[in-house]
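For reference, the structure is listed below as structure tokens.
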Amino acid sequence: MKKIAWVTDSTAYLDEELKNHPDVYQVPMTIVLEDVEYLDGKDLTAEELYRKLKTVKTAPKTSQPPAGVFMELYNKLEKDYDLVFSVLISSKLSGTVASSVQAAQDVNIPVITFDSKILTYPLTSLLKKGIALAEQGASVEEIKEKLEIIRESNETYVMIGSLEQLHRSGRMSGMQFYLGSMLSIKPIISIEDGVLNTKEKVRSDNKAREKIFNYLSQSHEKYGVKEVYILYGLHKEAADEWQSQLEARFPDIRFLSCPIGAVIGVHAGEHTIGISWNNADV
């Protein structure tokens, strides 16, 4: 049986179980504020980031870990492991997958770079599933195949907390921002095939929330959803409110509340909130 090192990036939310897991390694992204570089999760917490965002004059930026950082880690892991399995943020949202693929060409240990086509806790859930499958004795090929099935079944819907931040970070055009701000339009953003899409535009938070709950309702009727992740920026009380409403409406679903972290917060804003789930049960 191969000994696997599990690698992810800092957009994945690591709970206590993963933080303390001896075979899990996290590579930090970089956040640039006013020309100062911070390593995500090491130099800057999400709370500190949101505080700084209120005063920065220039648009904040984020960047993927360079290939050299992955190479250094993979070379270290070669001593204790037979294989590296890297589960990373969508390649259409970041160059992190490309950095890992590049690094893998220059190291001796075999590396599987898995494009999650997602981020934050849904990315974490893929990592956890991979680890669980390995513990159950699944082969590397089987793990990859099952994670692909889960990945393709994911649905994620989010109300962006700050259209201004999304615009400043280059993820939204000036015209979309202007119209959204002028008309108080709330876009519901979905992640489809690894890309951010405007699923729908509504006029209030309540209407957006109801739409998102209805998407879940439709999937639950069709697939029998078992677990849903509530994703939030800085305000856990908003996530708690959603959770109590969702639990009342879907008593047979398990709900987990998860912060989106600093890197995603740069683009989305502290008031971001949404839900994500997988329709496949493998």
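Chain identifiers are assigned as A, B, and so on, following the order in which chains appear in the structure tokens; residues are numbered from 1 within each chain, and ligands are numbered from 1 in order of appearance.
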(request) Could you please write out, as an NGL selection string, every residue of region 1-144 of chain A that DSSP assigns to alpha helix (DSSP H)? (result) :A and (16-19 or 46-53 or 67-77 or 96-104 or 120-135 or 140-144)
Please report, as a Markdown table, each residue of region 19-63 of chain A lying at most 10 Å from region 85-95 of chain A, together with the nearest pair of atoms and the separation in Å rounded to one decimal; use only C-alpha atoms, and order rows by chain and ascending residue number.
| residue | atom | partner | partner_atom | distance |
| --- | --- | --- | --- | --- |
| A:Val24 | CA | A:Ser86 | CA | 9.7 |
| A:Tyr25 | CA | A:Ser86 | CA | 9.2 |
| A:Gln26 | CA | A:Ser86 | CA | 9.5 |
| A:Val27 | CA | A:Leu88 | CA | 9.7 |
| A:Met29 | CA | A:Ser94 | CA | 9.9 |
| A:Thr62 | CA | A:Ser94 | CA | 9.1 |
| A:Ser63 | CA | A:Ser94 | CA | 7.6 |
Could you give me, as JSON lines, a per-residue list for region 81-172 of chain A showing, wherever an atom lies at most 12 Å from an atom of region 6-14 of chain A, the closest pair of atoms and their distance in Å to one decimal, using only C-alpha atoms and sorting by chain then residue number from low to high?
{"residue": "A:Tyr81", "atom": "CA", "partner": "A:Trp6", "partner_atom": "CA", "distance": 10.0}
{"residue": "A:Asp82", "atom": "CA", "partner": "A:Trp6", "partner_atom": "CA", "distance": 11.3}
{"residue": "A:Leu83", "atom": "CA", "partner": "A:Trp6", "partner_atom": "CA", "distance": 8.8}
{"residue": "A:Val84", "atom": "CA", "partner": "A:Trp6", "partner_atom": "CA", "distance": 6.1}
{"residue": "A:Phe85", "atom": "CA", "partner": "A:Trp6", "partner_atom": "CA", "distance": 5.1}
{"residue": "A:Ser86", "atom": "CA", "partner": "A:Val7", "partner_atom": "CA", "distance": 4.4}
{"residue": "A:Val87", "atom": "CA", "partner": "A:Thr8", "partner_atom": "CA", "distance": 5.2}
{"residue": "A:Leu88", "atom": "CA", "partner": "A:Thr8", "partner_atom": "CA", "distance": 5.4}
{"residue": "A:Ile89", "atom": "CA", "partner": "A:Thr11", "partner_atom": "CA", "distance": 6.9}
{"residue": "A:Ser90", "atom": "CA", "partner": "A:Thr11", "partner_atom": "CA", "distance": 10.2}
{"residue": "A:Leu93", "atom": "CA", "partner": "A:Thr11", "partner_atom": "CA", "distance": 11.2}
{"residue": "A:Ser94", "atom": "CA", "partner": "A:Thr11", "partner_atom": "CA", "distance": 10.5}
{"residue": "A:Gly95", "atom": "CA", "partner": "A:Asp9", "partner_atom": "CA", "distance": 11.4}
{"residue": "A:Thr96", "atom": "CA", "partner": "A:Asp9", "partner_atom": "CA", "distance": 8.0}
{"residue": "A:Val97", "atom": "CA", "partner": "A:Asp9", "partner_atom": "CA", "distance": 9.7}
{"residue": "A:Ser99", "atom": "CA", "partner": "A:Asp9", "partner_atom": "CA", "distance": 11.3}
{"residue": "A:Ser100", "atom": "CA", "partner": "A:Val7", "partner_atom": "CA", "distance": 10.0}
{"residue": "A:Val111", "atom": "CA", "partner": "A:Val7", "partner_atom": "CA", "distance": 10.0}
{"residue": "A:Ile112", "atom": "CA", "partner": "A:Trp6", "partner_atom": "CA", "distance": 9.8}
{"residue": "A:Thr113", "atom": "CA", "partner": "A:Val7", "partner_atom": "CA", "distance": 9.1}
{"residue": "A:Phe114", "atom": "CA", "partner": "A:Thr8", "partner_atom": "CA", "distance": 9.6}
{"residue": "A:Asp115", "atom": "CA", "partner": "A:Thr8", "partner_atom": "CA", "distance": 10.5}
{"residue": "A:Ser116", "atom": "CA", "partner": "A:Thr8", "partner_atom": "CA", "distance": 10.1}
{"residue": "A:Ile118", "atom": "CA", "partner": "A:Ala12", "partner_atom": "CA", "distance": 9.6}
{"residue": "A:Leu119", "atom": "CA", "partner": "A:Thr11", "partner_atom": "CA", "distance": 6.0}
{"residue": "A:Thr120", "atom": "CA", "partner": "A:Ala12", "partner_atom": "CA", "distance": 4.4}
{"residue": "A:Tyr121", "atom": "CA", "partner": "A:Tyr13", "partner_atom": "CA", "distance": 5.4}
{"residue": "A:Pro122", "atom": "CA", "partner": "A:Ala12", "partner_atom": "CA", "distance": 8.0}
{"residue": "A:Leu123", "atom": "CA", "partner": "A:Ala12", "partner_atom": "CA", "distance": 5.8}
{"residue": "A:Thr124", "atom": "CA", "partner": "A:Ala12", "partner_atom": "CA", "distance": 5.3}
{"residue": "A:Ser125", "atom": "CA", "partner": "A:Ala12", "partner_atom": "CA", "distance": 9.0}
{"residue": "A:Leu126", "atom": "CA", "partner": "A:Ala12", "partner_atom": "CA", "distance": 9.9}
{"residue": "A:Leu127", "atom": "CA", "partner": "A:Trp6", "partner_atom": "CA", "distance": 7.7}
{"residue": "A:Lys128", "atom": "CA", "partner": "A:Trp6", "partner_atom": "CA", "distance": 9.6}
{"residue": "A:Lys129", "atom": "CA", "partner": "A:Trp6", "partner_atom": "CA", "distance": 11.4}
{"residue": "A:Gly130", "atom": "CA", "partner": "A:Trp6", "partner_atom": "CA", "distance": 8.7}
{"residue": "A:Ile131", "atom": "CA", "partner": "A:Trp6", "partner_atom": "CA", "distance": 7.8}
{"residue": "A:Ala132", "atom": "CA", "partner": "A:Trp6", "partner_atom": "CA", "distance": 11.6}
{"residue": "A:Ala134", "atom": "CA", "partner": "A:Trp6", "partner_atom": "CA", "distance": 10.6}
{"residue": "A:Val140", "atom": "CA", "partner": "A:Trp6", "partner_atom": "CA", "distance": 12.0}
(message) Taking 6 positions as the minimum chain separation for residues in the same chain, which residues sit within 10 Å of Asp80 (chain A) when counting only C-alpha atoms? Answer as a PyMOL selection string.
(response) chain A and resi 3-5+23
Residues as selected, C-alpha atoms, written as an mmCIF file, in the first residue's frame, can you do that?
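Once everything was written out, this is again.cif:
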data_model
loop_
_atom_site.group_PDB
_atom_site.id
_atom_site.type_symbol
_atom_site.label_atom_id
_atom_site.label_comp_id
_atom_site.auth_asym_id
_atom_site.auth_seq_id
_atom_site.Cartn_x
_atom_site.Cartn_y
_atom_site.Cartn_z
ATOM 1 C CA LYS A 3 2.068 6.017 1.640
ATOM 2 C CA ILE A 4 0.401 9.216 0.411
ATOM 3 C CA ALA A 5 1.202 12.827 1.345
ATOM 4 C CA ASP A 23 0.059 13.519 6.280
#
(message) Which residues are near region 152-156 of chain A? Cut-off 8 Å, only C-alpha atoms, ignore same chain within fewer than 5 positions. Put them as a count of residues only.
(response) 11
(request) Using only C-alpha atoms, determine which residues lie at most 10 Å from Asn206 (chain A), disregarding the query and same-chain residues fewer than 5 positions distant; provide the list as JSON, numbers by chain. (result) {"A": [186, 211, 212]}
(request) Record the distance separating CA of Pro259 (chain A) and CA of Ile230 (chain A), expressed in Å with one decimal. (result) 8.3 Å
Give me the residues of region 14-96 of chain A that have any atom at most 12 Å from an atom of region 264-271 of chain A; for each, the nearest atom pair and the distance in Å, rounded to one decimal. Use only C-alpha atoms, sort by chain and number, and format it as a tab-separated table.
residue	atom	partner	partner_atom	distance
A:Met29	CA	A:Ile264	CA	10.5
A:Thr30	CA	A:Val266	CA	11.1
A:Ile31	CA	A:Val266	CA	8.2
A:Val32	CA	A:Val266	CA	9.7
A:Leu33	CA	A:Val266	CA	9.7
A:Asp40	CA	A:Ile264	CA	10.4
A:Leu44	CA	A:Val266	CA	11.9
A:Thr45	CA	A:Gly265	CA	10.6
A:Ala46	CA	A:Gly265	CA	7.4
A:Glu47	CA	A:Glu270	CA	9.0
A:Glu48	CA	A:Gly265	CA	11.1
A:Leu49	CA	A:Val266	CA	7.7
A:Tyr50	CA	A:Glu270	CA	6.5
A:Arg51	CA	A:Glu270	CA	9.7
A:Lys52	CA	A:Val266	CA	10.3
A:Leu53	CA	A:Val266	CA	7.9
A:Lys54	CA	A:Gly269	CA	10.4
A:Val56	CA	A:Val266	CA	11.5
A:Ala59	CA	A:Val266	CA	9.2
A:Pro60	CA	A:Val266	CA	6.8
A:Lys61	CA	A:Val266	CA	7.4
A:Thr62	CA	A:Val266	CA	7.7
A:Ser63	CA	A:Val266	CA	11.3
A:Ile89	CA	A:Ile264	CA	10.8
A:Leu93	CA	A:Ile264	CA	10.3
A:Ser94	CA	A:Ile264	CA	11.0
(request) Return the single residue from A:Leu147, A:Ile273, A:Ile260, A:Ile253 that is closest to Glu241 (chain A), with distances computed using only C-alpha atoms. (result) A:Ile273
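Among the candidates A:Val69, A:Leu77, A:His235, A:Gly137, the residue lying nearest to Pro22 (chain A) is A:Leu77 (atoms considered: only C-alpha atoms).
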(message) Write out as an MDAnalysis selection string the set of residues from region 63-223 of chain A that DSSP, computed on the backbone, places in strand (DSSP E).
(response) chainID A and resid 63 83:88 111:115 154:159 186:192 195:202
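Interatomic distance, CA of Lys76 (chain A) against CA of Asn20 (chain A): 18.7 Å.
The spacing separating CA of Ala238 (chain A) from CA of Thr272 (chain A) amounts to 9.5 Å.
Among the candidates A:Asp106, A:Ser257, A:Lys19, A:Pro28, the residue lying nearest to Tyr232 (chain A) is A:Ser257 (atoms considered: only C-alpha atoms).
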